[in-house]
Amino acid sequence: MFVALYVLAAAGALAALGLSGAVRFTLESLLPAALGSITAAAMLAVHVHLLRRNSLSATDLGFRRPGPRMLHLLWQIPAAVMACLLAQGLFIGLLSLIGIDTSAAASTNDPLDDIGGLSPLLTALVVLVIAVLTPLWEEVLFRGAVLDGLSRRVRPFTAIILSAALFAAVHLVLVGFAYLFMLGVTLAWLRRFHRNLWAPVLLHAANNALVTLVVLSAI
């Protein structure tokens with residue numbers, strides 16, 4: 001709830017600055033400003049209302065020194081991405097079978113499409129936010145807090161499903177729900193398999209970097 005409130009406040013402040021004319025955003029500056037402000041707001045909310053309020057350390061959240069077991073990520077990350085792609089393909093096929101046209105939603109302009117118009121420095125900044133900072137705070141929130149909290153109340157399988165569904169839902173991308181849900185499941189499974197939050201962070205970072213690379217290649 002606090003993350004949502006902070007993100008809405010950041011987005012509202014950004015919109016107010018633009019509409020008032022106090023800041024004249026260009027196509028090149030709007031995307032980095034939006035991503036940067038929203039990410040900073042989310043990280044601040046997580047720090048204030050999760051970490052500081054509960055006096056949690058990195059170890060409490062699940063960040064531990066990586067061991068040899070982490071080498072399993074060499075096959076787990078590619079397998080997870082393939083599973084997500086398969087789930088997404090089946091989901092799109094199912095929607096088509098029941099008569100739902102996904103072509104309009106799929107052709108909707110993605111904000112990441114604007115990366116191609118950025119300078120190399122701003123492109124690097126956007127990639128840093130998407131592939132490093134976003135996976136870090138999202139994993140602290142969803143696999144560090146939400147999954148662990150649910151695991152104390154329900155069975156592990158149920159906790160994984162519920163946390164994955166919440167993770168997919170908050171992204172507000174209906175057509176990509178299956179991909180995000182399967183990603184949430186694999187991230188939660190890695191968290192439990194490795195007992196280390198670095199494992200889902202690395203998968204999340206690899207996924208976001210891959211998506212960004214695909215967008216840049218297409219542009």
# chains A, B, ... in the order shown; residues from 1 in each chain; ligands from 1

call {"tool": "residues_around", "arguments": {"residues": "Leu50 (chain A)", "least_positions_apart": "2", "cutoff": "12 Å", "atoms": "only C-alpha atoms", "output": "PyMOL selection string"}}
result
chain A and resi 1-3+42-48+52-58+60-61+137+140-142+144-146

call {"tool": "closest_atom_pairs", "arguments": {"of": "region 47-155 of chain A", "to": "region 164-180 of chain A", "cutoff": "7 Å", "atoms": "only C-alpha atoms", "output": "CSV"}}
result
residue,atom,partner,partner_atom,distance
A:Cys84,CA,A:Tyr179,CA,4.8
A:Leu85,CA,A:Tyr179,CA,6.4
A:Ala87,CA,A:Ala178,CA,5.8
A:Gln88,CA,A:Tyr179,CA,4.9
A:Phe91,CA,A:Ala178,CA,6.2
A:Ala105,CA,A:Val175,CA,7.0
A:Phe142,CA,A:Phe167,CA,6.9

call {"tool": "residues_around", "arguments": {"residues": "region 12-29 of chain A", "least_positions_apart": "3", "cutoff": "9 Å", "atoms": "only C-alpha atoms", "output": "JSON, numbers by chain"}}
result
{"A": [7, 8, 9, 32, 33, 34, 37, 114, 115, 117, 118, 119, 122]}

call {"tool": "select_by_dssp", "arguments": {"residues": "region 10-195 of chain A", "states": "helix (DSSP H, G or I)", "output": "PyMOL selection string"}}
result
chain A and resi 10-20+27-52+58-61+68-97+103-106+111-117+120-151+156-169+177-194

call {"tool": "residues_around", "arguments": {"residues": "Leu187 (chain A)", "least_positions_apart": "6", "cutoff": "9 Å", "atoms": "only C-alpha atoms", "output": "PyMOL selection string"}}
result
chain A and resi 80+139+143+160+164+199-201+203-204

call {"tool": "write_last_selection", "arguments": {"atoms": "N, CA, C and O atoms", "output": "short mmCIF file (atom, residue, chain, number, x, y, z; two decimals), in the first residue's frame"}}
result
data_model
loop_
_atom_site.label_atom_id
_atom_site.label_comp_id
_atom_site.auth_asym_id
_atom_site.auth_seq_id
_atom_site.Cartn_x
_atom_site.Cartn_y
_atom_site.Cartn_z
N ALA A 80 13.86 -20.89 -16.57
CA ALA A 80 12.77 -20.03 -16.10
C ALA A 80 12.25 -19.14 -17.22
O ALA A 80 11.04 -18.96 -17.39
N GLU A 139 12.21 -7.46 -5.51
CA GLU A 139 12.47 -8.72 -4.83
C GLU A 139 12.45 -8.56 -3.31
O GLU A 139 11.99 -9.45 -2.60
N ARG A 143 9.47 -11.05 -2.73
CA ARG A 143 10.04 -12.30 -2.25
C ARG A 143 10.65 -12.18 -0.87
O ARG A 143 10.80 -13.17 -0.15
N ILE A 160 3.46 -19.35 -2.72
CA ILE A 160 4.11 -19.07 -4.00
C ILE A 160 3.07 -18.59 -5.03
O ILE A 160 3.30 -17.60 -5.74
N ALA A 164 2.90 -14.79 -6.54
CA ALA A 164 3.08 -14.65 -7.99
C ALA A 164 1.90 -13.93 -8.62
O ALA A 164 2.08 -13.09 -9.51
N ALA A 199 19.27 -15.01 -5.41
CA ALA A 199 18.89 -15.86 -6.54
C ALA A 199 17.74 -15.25 -7.35
O ALA A 199 17.87 -15.09 -8.57
N PRO A 200 16.60 -14.90 -6.73
CA PRO A 200 15.55 -14.25 -7.52
C PRO A 200 15.95 -12.87 -8.05
O PRO A 200 15.49 -12.46 -9.12
N VAL A 201 16.80 -12.15 -7.33
CA VAL A 201 17.27 -10.86 -7.83
C VAL A 201 18.01 -11.05 -9.15
O VAL A 201 17.81 -10.30 -10.12
N LEU A 203 17.77 -13.60 -11.32
CA LEU A 203 16.83 -14.00 -12.38
C LEU A 203 16.03 -12.80 -12.86
O LEU A 203 15.85 -12.59 -14.06
N HIS A 204 15.54 -12.01 -11.93
CA HIS A 204 14.75 -10.82 -12.26
C HIS A 204 15.58 -9.84 -13.09
O HIS A 204 15.10 -9.29 -14.09
#

call {"tool": "closest_residue", "arguments": {"among": "A:Val127, A:Leu183, A:Met70, A:Leu90", "to": "Leu35 (chain A)", "atoms": "only C-alpha atoms"}}
result
A:Val127

call {"tool": "decode", "arguments": {"residues": "region 53-76 of chain A", "atoms": "N, CA, C and O atoms", "output": "PDB file, in the first residue's frame"}}
result
ATOM      1  N   ARG A  53      11.172   0.654   9.648  1.00  0.00           N
ATOM      2  CA  ARG A  53      10.106   0.504  10.642  1.00  0.00           C
ATOM      3  C   ARG A  53      10.238  -0.812  11.400  1.00  0.00           C
ATOM      4  O   ARG A  53       9.929  -0.891  12.597  1.00  0.00           O
ATOM      5  N   ASN A  54      10.683  -1.866  10.717  1.00  0.00           N
ATOM      6  CA  ASN A  54      10.796  -3.176  11.349  1.00  0.00           C
ATOM      7  C   ASN A  54      12.228  -3.516  11.752  1.00  0.00           C
ATOM      8  O   ASN A  54      12.490  -4.642  12.196  1.00  0.00           O
ATOM      9  N   SER A  55      13.151  -2.542  11.587  1.00  0.00           N
ATOM     10  CA  SER A  55      14.563  -2.731  11.949  1.00  0.00           C
ATOM     11  C   SER A  55      15.141  -4.004  11.322  1.00  0.00           C
ATOM     12  O   SER A  55      15.786  -4.821  11.999  1.00  0.00           O
ATOM     13  N   LEU A  56      14.891  -4.165  10.022  1.00  0.00           N
ATOM     14  CA  LEU A  56      15.346  -5.356   9.317  1.00  0.00           C
ATOM     15  C   LEU A  56      16.733  -5.128   8.708  1.00  0.00           C
ATOM     16  O   LEU A  56      17.008  -4.068   8.160  1.00  0.00           O
ATOM     17  N   SER A  57      17.552  -6.142   8.783  1.00  0.00           N
ATOM     18  CA  SER A  57      18.865  -6.091   8.143  1.00  0.00           C
ATOM     19  C   SER A  57      18.790  -6.836   6.812  1.00  0.00           C
ATOM     20  O   SER A  57      17.787  -7.481   6.489  1.00  0.00           O
ATOM     21  N   ALA A  58      19.867  -6.763   6.048  1.00  0.00           N
ATOM     22  CA  ALA A  58      19.909  -7.478   4.775  1.00  0.00           C
ATOM     23  C   ALA A  58      19.772  -8.980   4.990  1.00  0.00           C
ATOM     24  O   ALA A  58      19.112  -9.678   4.207  1.00  0.00           O
ATOM     25  N   THR A  59      20.370  -9.490   6.057  1.00  0.00           N
ATOM     26  CA  THR A  59      20.266 -10.917   6.364  1.00  0.00           C
ATOM     27  C   THR A  59      18.842 -11.302   6.727  1.00  0.00           C
ATOM     28  O   THR A  59      18.363 -12.372   6.347  1.00  0.00           O
ATOM     29  N   ASP A  60      18.157 -10.437   7.464  1.00  0.00           N
ATOM     30  CA  ASP A  60      16.759 -10.691   7.817  1.00  0.00           C
ATOM     31  C   ASP A  60      15.898 -10.837   6.573  1.00  0.00           C
ATOM     32  O   ASP A  60      14.956 -11.642   6.535  1.00  0.00           O
ATOM     33  N   LEU A  61      16.198 -10.064   5.537  1.00  0.00           N
ATOM     34  CA  LEU A  61      15.425 -10.104   4.301  1.00  0.00           C
ATOM     35  C   LEU A  61      15.727 -11.356   3.478  1.00  0.00           C
ATOM     36  O   LEU A  61      14.903 -11.780   2.671  1.00  0.00           O
ATOM     37  N   GLY A  62      16.902 -11.934   3.675  1.00  0.00           N
ATOM     38  CA  GLY A  62      17.261 -13.127   2.920  1.00  0.00           C
ATOM     39  C   GLY A  62      18.522 -12.992   2.102  1.00  0.00           C
ATOM     40  O   GLY A  62      18.905 -13.924   1.388  1.00  0.00           O
ATOM     41  N   PHE A  63      19.195 -11.838   2.176  1.00  0.00           N
ATOM     42  CA  PHE A  63      20.457 -11.671   1.450  1.00  0.00           C
ATOM     43  C   PHE A  63      21.572 -12.355   2.230  1.00  0.00           C
ATOM     44  O   PHE A  63      21.922 -11.941   3.325  1.00  0.00           O
ATOM     45  N   ARG A  64      22.118 -13.411   1.632  1.00  0.00           N
ATOM     46  CA  ARG A  64      23.195 -14.152   2.270  1.00  0.00           C
ATOM     47  C   ARG A  64      24.353 -14.328   1.294  1.00  0.00           C
ATOM     48  O   ARG A  64      24.182 -14.172   0.090  1.00  0.00           O
ATOM     49  N   ARG A  65      25.503 -14.671   1.821  1.00  0.00           N
ATOM     50  CA  ARG A  65      26.676 -14.850   0.969  1.00  0.00           C
ATOM     51  C   ARG A  65      26.423 -16.020   0.015  1.00  0.00           C
ATOM     52  O   ARG A  65      26.089 -17.129   0.451  1.00  0.00           O
ATOM     53  N   PRO A  66      26.587 -15.793  -1.294  1.00  0.00           N
ATOM     54  CA  PRO A  66      26.343 -16.874  -2.260  1.00  0.00           C
ATOM     55  C   PRO A  66      27.307 -18.035  -2.056  1.00  0.00           C
ATOM     56  O   PRO A  66      28.489 -17.850  -1.759  1.00  0.00           O
ATOM     57  N   GLY A  67      26.791 -19.258  -2.215  1.00  0.00           N
ATOM     58  CA  GLY A  67      27.604 -20.455  -2.117  1.00  0.00           C
ATOM     59  C   GLY A  67      27.607 -21.219  -3.426  1.00  0.00           C
ATOM     60  O   GLY A  67      27.030 -20.779  -4.428  1.00  0.00           O
ATOM     61  N   PRO A  68      28.231 -22.394  -3.457  1.00  0.00           N
ATOM     62  CA  PRO A  68      28.288 -23.199  -4.684  1.00  0.00           C
ATOM     63  C   PRO A  68      26.912 -23.555  -5.241  1.00  0.00           C
ATOM     64  O   PRO A  68      26.762 -23.756  -6.445  1.00  0.00           O
ATOM     65  N   ARG A  69      25.893 -23.622  -4.376  1.00  0.00           N
ATOM     66  CA  ARG A  69      24.537 -23.962  -4.819  1.00  0.00           C
ATOM     67  C   ARG A  69      24.021 -22.956  -5.843  1.00  0.00           C
ATOM     68  O   ARG A  69      23.185 -23.283  -6.685  1.00  0.00           O
ATOM     69  N   MET A  70      24.516 -21.725  -5.777  1.00  0.00           N
ATOM     70  CA  MET A  70      24.066 -20.680  -6.696  1.00  0.00           C
ATOM     71  C   MET A  70      24.451 -20.984  -8.140  1.00  0.00           C
ATOM     72  O   MET A  70      23.909 -20.389  -9.073  1.00  0.00           O
ATOM     73  N   LEU A  71      25.392 -21.926  -8.346  1.00  0.00           N
ATOM     74  CA  LEU A  71      25.777 -22.300  -9.704  1.00  0.00           C
ATOM     75  C   LEU A  71      24.613 -22.922 -10.466  1.00  0.00           C
ATOM     76  O   LEU A  71      24.624 -22.960 -11.707  1.00  0.00           O
ATOM     77  N   HIS A  72      23.622 -23.402  -9.730  1.00  0.00           N
ATOM     78  CA  HIS A  72      22.424 -23.944 -10.386  1.00  0.00           C
ATOM     79  C   HIS A  72      21.706 -22.871 -11.219  1.00  0.00           C
ATOM     80  O   HIS A  72      20.947 -23.206 -12.132  1.00  0.00           O
ATOM     81  N   LEU A  73      21.960 -21.624 -10.917  1.00  0.00           N
ATOM     82  CA  LEU A  73      21.331 -20.542 -11.680  1.00  0.00           C
ATOM     83  C   LEU A  73      21.748 -20.559 -13.146  1.00  0.00           C
ATOM     84  O   LEU A  73      21.041 -20.016 -13.998  1.00  0.00           O
ATOM     85  N   LEU A  74      22.875 -21.198 -13.445  1.00  0.00           N
ATOM     86  CA  LEU A  74      23.343 -21.257 -14.829  1.00  0.00           C
ATOM     87  C   LEU A  74      22.349 -21.986 -15.726  1.00  0.00           C
ATOM     88  O   LEU A  74      22.251 -21.695 -16.923  1.00  0.00           O
ATOM     89  N   TRP A  75      21.601 -22.949 -15.159  1.00  0.00           N
ATOM     90  CA  TRP A  75      20.548 -23.596 -15.935  1.00  0.00           C
ATOM     91  C   TRP A  75      19.162 -23.135 -15.508  1.00  0.00           C
ATOM     92  O   TRP A  75      18.213 -23.165 -16.306  1.00  0.00           O
ATOM     93  N   GLN A  76      19.039 -22.701 -14.262  1.00  0.00           N
ATOM     94  CA  GLN A  76      17.718 -22.306 -13.774  1.00  0.00           C
ATOM     95  C   GLN A  76      17.203 -21.035 -14.443  1.00  0.00           C
ATOM     96  O   GLN A  76      16.016 -20.917 -14.746  1.00  0.00           O
TER      97      GLN A  76
END
